[in-house]
Structures are given as structure tokens and as C-alpha cells.
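Undergrad: Would you mind keeping the following structure in view while I ask a few things?
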Amino acid sequence: MKRVYNFSAGPAVLPEEVLEQAAREMMSYGDSGMSVMEMSHRSAVYEGILNEAIADLRDLMGISDEYEVMFIQGGASTQFAMIPMNLMGKNGKADFINSGQWSKKAIAQAKAYGDVKVIASSEDKTFSYIPSWDSAEFRSDADYFYICSNNTIYGTRFTELPETGNVPLVADMSSCILSEPCDVNRYGLIFAGAQKNIGPAGVTVVIMRKSLITDSKEENSTVLKGTPIMLQYKTHADNNSMYNTPPTYGIYICGLVFKWLKKNGGLTAMAAVNQEKASILYEYLDESKMFHPTVSGADRSLMNVPFVTGDKDLDAKFVKEASAAGFVNLKGHRSVGGMRASIYNAMPTEGVKALVEFMKNFEAHQ
Ligand code: PMP
């Protein structure tokens, strides 16, 4: 069996140890005599799997009891609607920083529910940087303040957080969660689609300050009238993510990834490895005469590294030859072109080193 180096932005590479364990447990999980896929979500065995996954995530990220951890379906995109539906019932206002396609989509969705103010945007330069913000523009009566922590398509990330005072900070961490330590207490709500740094598609992790979860039946609820039961955070919080059948197998794989992370030193160790991987690639891109990084300076993502040659045909030739050599999914997002190497937690350092060697060789032979 031949495994490739998979640089996909998501669904993305998973740790081989996790895949091997899942394979071993495919026919019978423990002595249950069945696959996790075949288990009732109400069984004691499955509840154990779910609760352990939550406990391990709490451990990894240092999530206190003031926060709820939920597994929700519908992808990260469903959060673009759930967030305003659950929080905008207070003052009907939210502030956003527009740092890419995914914040743009969240903005468009929130506009359906209330008054949205874009505090800063980097759209003028194809989102190739994180815009600076003027905190005098922040609205103190906003129901939340929204950022996308890591911009998967453009390869930028926030290294500093806006000081939002009493306004809850909401962050889309789909493409950077678990890549480095994170002070959860700074946030009102963190969400992430699992399919990049956590597990398979179909699971979205939501970490939410409990005091923000209100009951739509109560008068001072922040939940908008008419919000479907499945789209209310309270439904998921009250039922330990089991109001309905959760994505059982996906959550199990997420749990295995959490265990793998803990075994490998947790988020501090991950951050060191991720820094190393990213600098190997950026250092080469900075010196190459052929490949050019599209982001410079402190805003560079540790997870998604876009680059171009400046010649579309050469880009295509590179992607094709790289793929044939076992470096796959290097084509940039369809909206920006060029190349992008996504180097999530499960991409080993050897994978990045091998890619750089391949690029050097390619460059030398043009
Ligand atoms: N936010 C970010 C930062 C993303 O990268 C993506 C998907 N690539 C999404 C949101 C949307 O995720 P989903 O496809 O799970 O809705």
C-alpha cells in the first residue's frame, strides 16, 4: 500500500496511527462485537466514546467548566447562521472583520438576521494580509464580534486578537484549531469544521461560553424567534450533543485524534512542530527564484501556505508533476489559483522537507 503526501486543505490528512487504530477496530470495537458505526448512540459504550472525546478536547485546550463543548452537524457553514440566530436576539447587531471568503460568507449570512458592521477588510489586496482595526469603530452594544482566525484560502492568520471588552468574540478556527495553544477564555464562541485538523467531515466542534446559551422560551433570550430546535445551541448543550443521532463515527475518529495529540505532547508540542514545518517551507519560498509566497510577514498562516510562480502554465505543470511524484492536492483554491500546501498537524515534517526537495529539483530543471 502506498500513501501519498496529502496537502489537501480539507478534508485533509489524518495521523496514520489513528487510521490504523480505526482499521483494527473496524469489525469490533473492544469486545462489543460491532463497529462503532453500527452502535446505538444511546449505548453505554458509545456514550463512553463521546464523553472521552469531550474530556480529551477539554484537556488539550484547557477548556473550563464555564464552556460547553458540542459536536454539531451541518459543517462550519451552518455556524454562519446559527451564531446570529442564537446571539442576535439581544440588540440585533454584530461586528465583523472581513479577512477572506469564509468571513465574507459569515457576514452575508448574518445580514439576513440583523445589522452587520464590517470593522476592517483586506479584500482590496485579495485578502493577502490581516487588516488592522480601529477599536474606536467597535460597537459596545454589538451582540458579538466575529473573526476567522485562519484564512484557509489565502494563508493568513490572526496573531493578535481584537480587544472587544464585554462583546463576545466569536472565532472560526476551522483551519487552525489544535495547531497551537489557545486561550479559550478570550472567546465567547469558537467553532471549527473537523475536516482539517480534527477528524473527518460531518462534525463541527463548538466551544461556547455557557452564559451565552439562552433558552428561546425565556423572555430575555438572545435566540431569535422561530429558530429551529436543531439550530439552537441550548438543544445540543442540554443533551450532551445527543438530542438526535450525532455523527457517531466521525466523533469517534475525532476522539482518536485527540488521544494522538495528547500522546504527542499536546498543543505546545504541536505548535513547535508546526512552526518548524512552516518555516522550512517559507524559508525556501523566500529564497526561491521560481516560487513566490503570496503572504509576507507576521500574518503568514502556519497551516495553509499559498504560493505562485507567476505563470499559470508553469503552476499547472508543477501541480501535475508534484502529484505524479506523490505530493498531492497542491492546487490553490479555485478562487485564487496558484498552489497551496496545507500542512495541518497530521502532515509530518518529513512530508514538508520532501516537498521542498521536490520543489528545488523542479526549479533546477526548468
Ligand atoms: N471556515 C473556514 C475557515 C474554512 O476553511 C471552511 C472550509 N474550508 C469553512 C469555514 C466551511 O466549512 P464547511 O465546508 O464545513 O461548511
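By order in the C-alpha cells, chains are A, B, ...; within a chain, residues start at 1; ligands start at 1, following the order shown.
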Just the residues within 9 Å of A:Pro293, please, counting only C-alpha atoms, with nothing from its chain fewer than 2 positions along; format it as a list in words.
TA: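 Within the cut-off, the hits are Tyr282, Leu285, Asp286, Phe291, Val295, Ser296, Val305, Pro306, Phe307, Val308 and Thr309 of chain A.
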Undergrad: Residues at most 9 Å from ligand 1, using only C-alpha atoms and all ligand atoms? Could they come as a VMD selection string?
TA: chain A and resid 9 to 11 73 to 80 100 to 103 105 to 106 148 to 153 172 to 176 191 to 196 201 to 204
Undergrad: Using DSSP assignments from the backbone, pull out every residue in stretch 215-282 of chain A that falls under alpha helix (DSSP H) and give it to me as a ChimeraX atom specification.
TA: /A:233-238,248-263,266-282
Undergrad: I need the residues from that last selection saved to file as a PDB file, in the first residue's frame (with C-alpha atoms), if you can.
TA:
ATOM      1  CA  TYR A 233     -27.235  25.752  20.955  1.00  0.00           C
ATOM      2  CA  LYS A 234     -29.314  25.044  24.050  1.00  0.00           C
ATOM      3  CA  THR A 235     -30.723  21.926  22.414  1.00  0.00           C
ATOM      4  CA  HIS A 236     -27.239  20.490  21.916  1.00  0.00           C
ATOM      5  CA  ALA A 237     -25.892  21.718  25.255  1.00  0.00           C
ATOM      6  CA  ASP A 238     -28.790  20.255  27.255  1.00  0.00           C
ATOM      7  CA  THR A 248     -21.169   8.890  15.744  1.00  0.00           C
ATOM      8  CA  TYR A 249     -18.296   7.522  13.702  1.00  0.00           C
ATOM      9  CA  GLY A 250     -16.859  10.952  12.953  1.00  0.00           C
ATOM     10  CA  ILE A 251     -16.834  11.842  16.637  1.00  0.00           C
ATOM     11  CA  TYR A 252     -15.057   8.564  17.404  1.00  0.00           C
ATOM     12  CA  ILE A 253     -12.293   9.446  14.908  1.00  0.00           C
ATOM     13  CA  CYS A 254     -12.043  12.951  16.409  1.00  0.00           C
ATOM     14  CA  GLY A 255     -11.584  11.251  19.787  1.00  0.00           C
ATOM     15  CA  LEU A 256      -8.728   9.146  18.416  1.00  0.00           C
ATOM     16  CA  VAL A 257      -7.075  12.294  17.052  1.00  0.00           C
ATOM     17  CA  PHE A 258      -7.387  13.967  20.480  1.00  0.00           C
ATOM     18  CA  LYS A 259      -5.654  10.953  22.055  1.00  0.00           C
ATOM     19  CA  TRP A 260      -2.929  11.098  19.394  1.00  0.00           C
ATOM     20  CA  LEU A 261      -2.384  14.790  20.164  1.00  0.00           C
ATOM     21  CA  LYS A 262      -2.180  14.124  23.905  1.00  0.00           C
ATOM     22  CA  LYS A 263       0.275  11.292  23.370  1.00  0.00           C
ATOM     23  CA  GLY A 266      -0.422  18.312  23.314  1.00  0.00           C
ATOM     24  CA  LEU A 267      -0.732  21.723  21.728  1.00  0.00           C
ATOM     25  CA  THR A 268       2.594  23.157  22.888  1.00  0.00           C
ATOM     26  CA  ALA A 269       4.429  20.328  21.160  1.00  0.00           C
ATOM     27  CA  MET A 270       2.178  20.709  18.102  1.00  0.00           C
ATOM     28  CA  ALA A 271       2.948  24.422  17.905  1.00  0.00           C
ATOM     29  CA  ALA A 272       6.687  23.734  17.871  1.00  0.00           C
ATOM     30  CA  VAL A 273       6.366  21.176  15.092  1.00  0.00           C
ATOM     31  CA  ASN A 274       4.010  23.418  13.123  1.00  0.00           C
ATOM     32  CA  GLN A 275       6.396  26.376  13.432  1.00  0.00           C
ATOM     33  CA  GLU A 276       9.218  24.198  12.189  1.00  0.00           C
ATOM     34  CA  LYS A 277       7.239  22.834   9.243  1.00  0.00           C
ATOM     35  CA  ALA A 278       6.013  26.272   8.197  1.00  0.00           C
ATOM     36  CA  SER A 279       9.462  27.832   8.427  1.00  0.00           C
ATOM     37  CA  ILE A 280      11.016  25.081   6.298  1.00  0.00           C
ATOM     38  CA  LEU A 281       8.541  25.927   3.554  1.00  0.00           C
ATOM     39  CA  TYR A 282       8.537  29.720   3.930  1.00  0.00           C
TER      40      TYR A 282
END
Undergrad: Within 10 Å of A:Gly297, counting only C-alpha atoms, which residues show up once you throw out same-chain ones fewer than 4 positions away? Write them as an MDAnalysis selection string, please.
TA: chainID A and resid 129 156 301
Undergrad: Please identify all polymer residues within 10 Å of A:Thr164, counting only C-alpha atoms, omitting same-chain residues fewer than 6 positions from it, and present them as a PyMOL selection string.
TA: chain A and resi 95+135+138-140+142+144-145+186-187
Undergrad: Atoms to include: all heavy atoms. Write the selected residues as a short mmCIF file (atom, residue, chain, number, x, y, z; two decimals), in the first residue's frame.
TA:
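Generated file (result_0.cif):
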data_model
loop_
_atom_site.label_atom_id
_atom_site.label_comp_id
_atom_site.auth_asym_id
_atom_site.auth_seq_id
_atom_site.Cartn_x
_atom_site.Cartn_y
_atom_site.Cartn_z
N ASP A 95 -20.44 42.90 14.80
CA ASP A 95 -19.28 43.48 14.12
C ASP A 95 -18.40 42.36 13.56
O ASP A 95 -18.25 41.31 14.19
CB ASP A 95 -18.45 44.31 15.11
CG ASP A 95 -19.15 45.60 15.51
OD1 ASP A 95 -20.21 45.93 14.91
OD2 ASP A 95 -18.66 46.28 16.43
N SER A 135 -10.19 50.23 17.11
CA SER A 135 -11.16 49.76 18.11
C SER A 135 -12.22 50.83 18.42
O SER A 135 -13.27 50.50 18.98
CB SER A 135 -10.47 49.26 19.38
OG SER A 135 -9.50 50.18 19.79
N PHE A 138 -15.49 49.78 17.04
CA PHE A 138 -16.24 48.65 17.61
C PHE A 138 -17.52 49.18 18.27
O PHE A 138 -17.49 50.21 18.95
CB PHE A 138 -15.43 47.92 18.69
CG PHE A 138 -14.16 47.27 18.22
CD1 PHE A 138 -13.67 47.47 16.94
CD2 PHE A 138 -13.43 46.44 19.08
CE1 PHE A 138 -12.47 46.87 16.52
CE2 PHE A 138 -12.25 45.84 18.68
CZ PHE A 138 -11.76 46.06 17.41
N ARG A 139 -18.58 48.45 18.13
CA ARG A 139 -19.83 48.87 18.78
C ARG A 139 -19.98 48.14 20.12
O ARG A 139 -19.99 46.90 20.15
CB ARG A 139 -21.02 48.59 17.86
CG ARG A 139 -20.92 49.37 16.54
CD ARG A 139 -22.13 49.17 15.66
NE ARG A 139 -22.24 47.80 15.17
CZ ARG A 139 -23.15 47.40 14.28
NH1 ARG A 139 -24.02 48.28 13.78
NH2 ARG A 139 -23.21 46.15 13.88
N SER A 140 -20.11 48.91 21.18
CA SER A 140 -20.16 48.27 22.50
C SER A 140 -21.48 47.53 22.72
O SER A 140 -21.59 46.70 23.62
CB SER A 140 -19.95 49.30 23.60
OG SER A 140 -20.92 50.31 23.46
N ALA A 142 -22.79 45.65 20.30
CA ALA A 142 -22.87 44.53 19.34
C ALA A 142 -23.12 43.24 20.13
O ALA A 142 -22.65 43.09 21.26
CB ALA A 142 -21.58 44.41 18.54
N TYR A 144 -22.08 40.31 19.14
CA TYR A 144 -20.82 39.59 19.09
C TYR A 144 -19.88 40.25 18.08
O TYR A 144 -20.31 41.10 17.29
CB TYR A 144 -21.01 38.10 18.74
CG TYR A 144 -21.64 37.80 17.39
CD1 TYR A 144 -20.86 37.54 16.27
CD2 TYR A 144 -23.03 37.75 17.25
CE1 TYR A 144 -21.45 37.24 15.04
CE2 TYR A 144 -23.62 37.46 16.03
CZ TYR A 144 -22.83 37.20 14.92
OH TYR A 144 -23.40 36.92 13.71
N PHE A 145 -18.63 39.87 18.18
CA PHE A 145 -17.60 40.38 17.28
C PHE A 145 -16.96 39.17 16.63
O PHE A 145 -16.50 38.26 17.31
CB PHE A 145 -16.56 41.18 18.08
CG PHE A 145 -15.58 41.94 17.22
CD1 PHE A 145 -15.65 43.33 17.13
CD2 PHE A 145 -14.58 41.29 16.49
CE1 PHE A 145 -14.75 44.05 16.33
CE2 PHE A 145 -13.68 41.99 15.68
CZ PHE A 145 -13.77 43.38 15.62
N ARG A 186 -10.60 33.89 26.16
CA ARG A 186 -10.72 35.14 25.41
C ARG A 186 -11.98 35.15 24.52
O ARG A 186 -12.34 36.18 23.97
CB ARG A 186 -9.50 35.33 24.49
CG ARG A 186 -8.18 35.54 25.18
CD ARG A 186 -8.01 36.94 25.74
NE ARG A 186 -8.23 38.04 24.79
CZ ARG A 186 -7.31 38.65 24.07
NH1 ARG A 186 -6.07 38.25 24.15
NH2 ARG A 186 -7.61 39.68 23.29
N TYR A 187 -12.60 34.00 24.37
CA TYR A 187 -13.67 33.88 23.36
C TYR A 187 -15.04 33.62 23.99
O TYR A 187 -15.14 33.01 25.05
CB TYR A 187 -13.36 32.72 22.41
CG TYR A 187 -12.07 32.89 21.65
CD1 TYR A 187 -10.85 32.47 22.20
CD2 TYR A 187 -12.05 33.50 20.39
CE1 TYR A 187 -9.65 32.63 21.51
CE2 TYR A 187 -10.85 33.66 19.69
CZ TYR A 187 -9.66 33.23 20.26
OH TYR A 187 -8.48 33.40 19.58
#
Undergrad: Report the distance between atom CA of A:Pro228 and atom CA of A:Val170 in Å, rounded to one decimal place.
TA: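 If I compute the distance from atom CA of A:Pro228 to atom CA of A:Val170, I get 21.1 Å.
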Undergrad: Excluding A:Met82 and residues on its chain fewer than 4 positions from it, collect all residues at most 9 Å away from it, counting only C-alpha atoms, and give them as a ChimeraX atom specification.
TA: /A:78,86-87,227,231-233
Undergrad: Using C-alpha atoms, can you write the selected residues to a file as a PDB file, in the first residue's frame?
TA:
ATOM      1  CA  THR A  78     -24.141  26.140   9.346  1.00  0.00           C
ATOM      2  CA  ASN A  86     -28.646  32.416  18.721  1.00  0.00           C
ATOM      3  CA  LEU A  87     -26.935  35.667  19.641  1.00  0.00           C
ATOM      4  CA  THR A 227     -35.053  29.459  15.303  1.00  0.00           C
ATOM      5  CA  LEU A 231     -30.275  25.207  15.323  1.00  0.00           C
ATOM      6  CA  GLN A 232     -30.429  26.276  18.974  1.00  0.00           C
ATOM      7  CA  TYR A 233     -27.235  25.752  20.955  1.00  0.00           C
TER       8      TYR A 233
END
Undergrad: Leaving out stretch 90-94 of chain A and any residue of its chain fewer than 5 positions from it, which residues lie within 8 Å of it when counting only C-alpha atoms, given as a PyMOL selection string?
TA: chain A and resi 110+113-117+141-146+220-223
Undergrad: Write the residues of the selection above to a file with N, CA, C and O atoms, as a JSON list (two decimals), in the first residue's frame.
TA:
[["chain", "number", "residue", "atom", "x", "y", "z"],
["A", 110, "ALA", "N", -25.12, 36.60, 8.26],
["A", 110, "ALA", "CA", -25.56, 37.38, 9.43],
["A", 110, "ALA", "C", -26.45, 38.54, 9.00],
["A", 110, "ALA", "O", -27.37, 38.93, 9.74],
["A", 113, "TYR", "N", -30.11, 38.44, 9.38],
["A", 113, "TYR", "CA", -30.72, 38.46, 10.73],
["A", 113, "TYR", "C", -30.57, 39.77, 11.47],
["A", 113, "TYR", "O", -31.21, 39.97, 12.49],
["A", 114, "GLY", "N", -29.69, 40.63, 11.01],
["A", 114, "GLY", "CA", -29.52, 41.86, 11.77],
["A", 114, "GLY", "C", -28.57, 42.83, 11.10],
["A", 114, "GLY", "O", -28.24, 42.71, 9.92],
["A", 115, "ASP", "N", -28.16, 43.79, 11.91],
["A", 115, "ASP", "CA", -27.33, 44.90, 11.43],
["A", 115, "ASP", "C", -25.85, 44.51, 11.58],
["A", 115, "ASP", "O", -25.37, 44.29, 12.68],
["A", 116, "VAL", "N", -25.19, 44.42, 10.43],
["A", 116, "VAL", "CA", -23.80, 43.96, 10.42],
["A", 116, "VAL", "C", -22.87, 45.12, 10.08],
["A", 116, "VAL", "O", -23.14, 45.88, 9.16],
["A", 117, "LYS", "N", -21.82, 45.26, 10.86],
["A", 117, "LYS", "CA", -20.83, 46.30, 10.55],
["A", 117, "LYS", "C", -19.48, 45.63, 10.28],
["A", 117, "LYS", "O", -19.01, 44.83, 11.09],
["A", 141, "ASP", "N", -22.48, 47.83, 21.85],
["A", 141, "ASP", "CA", -23.74, 47.10, 22.00],
["A", 141, "ASP", "C", -23.90, 46.00, 20.93],
["A", 141, "ASP", "O", -25.00, 45.49, 20.71],
["A", 142, "ALA", "N", -22.79, 45.65, 20.30],
["A", 142, "ALA", "CA", -22.87, 44.53, 19.34],
["A", 142, "ALA", "C", -23.12, 43.24, 20.13],
["A", 142, "ALA", "O", -22.65, 43.09, 21.26],
["A", 143, "ASP", "N", -23.85, 42.32, 19.54],
["A", 143, "ASP", "CA", -24.12, 41.05, 20.22],
["A", 143, "ASP", "C", -22.90, 40.12, 20.16],
["A", 143, "ASP", "O", -22.75, 39.23, 20.99],
["A", 144, "TYR", "N", -22.08, 40.31, 19.14],
["A", 144, "TYR", "CA", -20.82, 39.59, 19.09],
["A", 144, "TYR", "C", -19.88, 40.25, 18.08],
["A", 144, "TYR", "O", -20.31, 41.10, 17.29],
["A", 145, "PHE", "N", -18.63, 39.87, 18.18],
["A", 145, "PHE", "CA", -17.60, 40.38, 17.28],
["A", 145, "PHE", "C", -16.96, 39.17, 16.63],
["A", 145, "PHE", "O", -16.50, 38.26, 17.31],
["A", 146, "TYR", "N", -16.91, 39.15, 15.31],
["A", 146, "TYR", "CA", -16.57, 37.92, 14.59],
["A", 146, "TYR", "C", -15.25, 38.03, 13.83],
["A", 146, "TYR", "O", -15.02, 39.00, 13.10],
["A", 220, "ASN", "N", -35.88, 37.01, 28.13],
["A", 220, "ASN", "CA", -34.66, 37.75, 27.77],
["A", 220, "ASN", "C", -33.68, 36.91, 26.94],
["A", 220, "ASN", "O", -32.49, 37.18, 26.92],
["A", 221, "SER", "N", -34.22, 35.91, 26.26],
["A", 221, "SER", "CA", -33.36, 35.05, 25.44],
["A", 221, "SER", "C", -32.75, 35.85, 24.29],
["A", 221, "SER", "O", -33.38, 36.75, 23.74],
["A", 222, "THR", "N", -31.53, 35.47, 23.91],
["A", 222, "THR", "CA", -30.89, 36.12, 22.75],
["A", 222, "THR", "C", -31.15, 35.33, 21.47],
["A", 222, "THR", "O", -30.64, 35.67, 20.41],
["A", 223, "VAL", "N", -31.93, 34.25, 21.59],
["A", 223, "VAL", "CA", -32.23, 33.42, 20.42],
["A", 223, "VAL", "C", -33.38, 34.07, 19.63],
["A", 223, "VAL", "O", -34.41, 34.43, 20.21]]
